[in-house]
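For reference, the structure is listed below as structure tokens.
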Amino acid sequence: MEAQQEQGPSLEDCLKLLKGERDEQRLAGLLLVTKFCKGDDLSSLRRVYDAVGPLFLDRLLRTGMGKGTITSGRENDRDAYLHLSVTVLAAFCRVPEVASLEDMVLKIPLILEVMSTEPGSSVLEECYEFLYLVSTASANGSMKFYESGGVKILAAQICSMQDGSHLMEICLKLVELILSRIPLDVFMKDYLSELAICVAAVARQFAVLHNSLKFEALHVLSAIISSKDVVPLFNALRLLPNDSWSHDMRLGIVAILQNRVAPAERLQALMLAESIISNFGEGWLINHRSTSDAQDSPSTDMCLLLVLEQSRVEVAVLLNELAYLKYEAPKDTSATAEAILLKRRNVAVAYSLIEKIIKLISTVDGNDGNFVDEATLTKLIRQLNETIGVILEYLEDAKERGQNKGDDLLASVRIIGSYLAEAPLACKEKVRELLGYMLSVQGEDEQSPFHSVCFLLPMLCQITMDVEGCNVLASCGGLNAVLDCFTKLIGSKDYMVEDNGGVFLTCDTIMNLLLKKDKLQLTFEESDIVKILKALAYWAENAGDTSSMMMASSICALIFDYTSEESLLNHPDFNHSDLRSLYRLIARCQASSGQDTEADMDLIEIVAAGYSRWAHRYPHIGEAMKNLT
């Protein structure tokens, strides 16, 4: 008997009190429950909830908030009632069935009100636990939190929470949950500034913590930052009085990439870096803060080196897996198709990062404030050369298997083109061996090669400055690819001024080849000549600027060496109107002699020299010259 008394009250004793007629009995029962009922004992919690009932719990909460009547002389107990009420509500909501009840959902605005008051600060953790559990249990709960201004209160409090605390952990989970229920574009429209504050706070946790909560922060940031159309969010982040969020994200990403973590987390960190750079610029990769600005601050170039190294590793692994899935795995299965889609998406992230680093390297000598020392630059170039070599091997494998169509192949050509634009002699032998194939690569939606040629134009323009490069391009049939690209760029009504960069690169490449015709074995089909001449005429007439007119007339003058007026007019796709357009073009160039800049004088000389060679084969061009003058 004495042993039984020492054991204290049982659950059954508490339930009897909770079912009592007087509030004093129920209060006593709740107090006993908080002392011995464990949070993970869900069955007991459910029995207790059913015994006490929602009406008493609602009355207790409102009384603690000062909204209900209280016995005279017990006014000082309001804070105790509030603490007890919120504590037991949070405990009951650990039972999912209870958390999903409408009574609990309807208490969300009251709990948010409690959180905004001074007494509520003592039960803040229990308040957030309640909100998280109710929001998790049902879509109605998360929507009620969102519509009741919960995001505003969370944003106002999250920055003052202790790093790594249980309260912070609950807040991170709550943010992640709400973002999974509310589309990000809607969230940004309703709570853009609050979202920016939350991102900055989460970024700090990502930077300073070294436990599982760091990965929770990574998941939250990735869900937000790696989404589409986040430009408004980055604009809001720039307006924050403290800009440490950018540095915090860099610290967190460096910590993930330089430690042994699961491949999924490493890839997620790269995705986060890619999104930040896309919206913030390549300079973010370089740490401009001194080591005194932040504890454990990485060196200036650590983030840059780690991102490139991990991107290089991802490219090598993913391309190998992608090749297996495409060429050796069971065909026409949904699992294979989904795996290929996922690998391509992940490769695209790594490619994007590498391309951004290539762009950064190309500007390190500029006046943009980015500085990379020579030792780092050497490491970067070595890693880039290795990466380009791996990508070329992937393309070589595709060539041997007769495959030249695919967005992954086109993306591979793009990144090779980006690097070769800065280092045209890199991987020289392999590049020239595969040049013809790369010029033939098509995207999934292309009917013929176009973008692959555009991606390689900067490199083609550079290598054709010498005879060896011209021979390489001519011998692989590259001239026809370049001519076809030129006609597609400007030979239709879809031509836009924005394409001028590509057009002039194409023109320079064609000019390089034509000017070395005496040292090359160049041949043209009459149909190709007609196509390029008509495109030149269209471009010159519609571009409207002197540079375009000069370039078009000089190429036209060099092409005229390969044909004659009679041959052109005998072609079914060429007529007198086309010829008159070309003659006007040549005449305008000749008439402008002496009025042009020094840069155009070389082009005028090319036209004049060409006219002296072939004028006799174009008997009506003299008439055009007279009419213009």
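Following the order of the structure tokens, first chain is A, next is B, and so on, with residues numbered from 1 inside each chain and ligands from 1 in the order they appear.
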Can you list, as a list in words, every protein, DNA or RNA residue that comes within 12 Å of Asn259 in chain A when you count only C-alpha atoms, leaving out same-chain residues fewer than 6 positions away?
His210, Gly252, Ile253, Glu265, Arg266, Ala269, Leu306 and Gln310 of chain A
Kindly assemble as JSON lines a list of the range 276-357 of chain A residues that lie within 10 Å of range 230-241 of chain A, each paired with its nearest atom pair and their distance in Å to one decimal, using only C-alpha atoms, sorted first by chain and then by ascending residue number.
{"residue": "A:Ile276", "atom": "CA", "partner": "A:Phe234", "partner_atom": "CA", "distance": 8.7}
{"residue": "A:Ser278", "atom": "CA", "partner": "A:Val231", "partner_atom": "CA", "distance": 9.7}
{"residue": "A:Asn279", "atom": "CA", "partner": "A:Val231", "partner_atom": "CA", "distance": 6.7}
{"residue": "A:Phe280", "atom": "CA", "partner": "A:Phe234", "partner_atom": "CA", "distance": 7.7}
Counting only C-alpha atoms, which residue out of A:Leu514, A:Met188, A:Val530, A:Ala535 sits closest to Phe486 in chain A?
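Checking each candidate against Phe486 in chain A, we get A:Ala535 as the closest.
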Would you list the contacts of Glu566 in chain A as a VMD selection string, taking every protein, DNA or RNA residue within 9 Å and counting only C-alpha atoms, but skipping same-chain residues closer than 5 positions in sequence?
chain A and resid 571 617 to 618
Print the selection's residues with N, CA and C atoms to a file, as a tab-separated table (two decimals), in the first residue's frame.
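So out20.tsv came out as:
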chain	number	residue	atom	x	y	z
A	571	HIS	N	20.49	30.90	-112.48
A	571	HIS	CA	20.05	30.07	-111.35
A	571	HIS	C	18.58	30.35	-111.05
A	617	ARG	N	33.02	40.58	-115.71
A	617	ARG	CA	32.06	39.47	-115.73
A	617	ARG	C	30.68	39.91	-115.25
A	618	TYR	N	30.59	41.20	-114.85
A	618	TYR	CA	29.31	41.74	-114.36
A	618	TYR	C	29.04	43.03	-115.12
Contacts of Leu377 in chain A at 10 Å (only C-alpha atoms; same-chain gap of 5+ positions) as number ranges by chain:
A: 301, 305, 361, 364, 371-372, 382-383
Show me, as a PyMOL selection string, the residues that have an atom within 6 Å of range 150-167 of chain A when counting only C-alpha atoms, minus same-chain residues fewer than 6 positions from it.
chain A and resi 125+194+198+201
DSSP-assigned helix (DSSP H, G or I) members of range 226-372 of chain A, reported as number ranges by chain
A: 231-238, 244-257, 263-280, 282-285, 302-327, 334-362
Could you name the residues that touch range 58-63 of chain A at 10 Å or less, counting only C-alpha atoms, but leaving out those on the same chain fewer than 3 positions away, as a ChimeraX atom specification?
/A:23,27,53-55,66-70,75,77-79,81-86,89,103-104,107,110-111,114
So that I can see what lies close to Leu456 in chain A, please list as JSON, numbers by chain the residues with an atom at most 12 Å from it, counting only C-alpha atoms and leaving out residues fewer than 4 positions away in the same chain.
{"A": [410, 411, 412, 413, 414, 415, 416, 417, 418, 419, 420, 421, 422, 424, 431, 432, 435, 436, 437, 438, 439, 440, 441, 449, 450, 451, 452, 460, 461, 462, 463, 473, 478, 481, 482, 485, 502, 505, 506, 509]}
Shortest contact to Asn404 in chain A, candidates A:Ser10, A:Ser100, A:Thr523, A:Ser448, atoms counted only C-alpha atoms, goes to A:Ser448
With distances taken over only C-alpha atoms, the candidate from A:Asn480, A:Cys470, A:Val134, A:Ile354 nearest Asp528 in chain A is A:Asn480
Hey, which of A:Arg204, A:Lys516, A:Lys488, A:His576 ends up closest to Val503 in chain A? Count only C-alpha atoms.
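The answer is A:Lys488, which sits nearest to Val503 in chain A.
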Nearest to Ala348 in chain A, chosen from A:Val315, A:Val52, A:Leu603, A:Ala323, with only C-alpha atoms counted in the distances:
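Using only C-alpha atoms, the shortest distance to Ala348 in chain A belongs to A:Val315.
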d(CA of Glu309 in chain A, CA of Lys228 in chain A) in Å:
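We find that CA of Glu309 in chain A and CA of Lys228 in chain A lie 25.7 Å from each other.
Here CA of Met625 in chain A and CA of Ile559 in chain A stand 18.8 Å from one another.
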Which one is closest to Arg181 in chain A: A:Asp243, A:Arg588, A:Ala139, A:Pro330? Count only C-alpha atoms.
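Under the stated criterion, the closest residue is A:Ala139.
Picture a line from CA of Leu520 in chain A to CA of Ala474 in chain A; it runs 8.1 Å.
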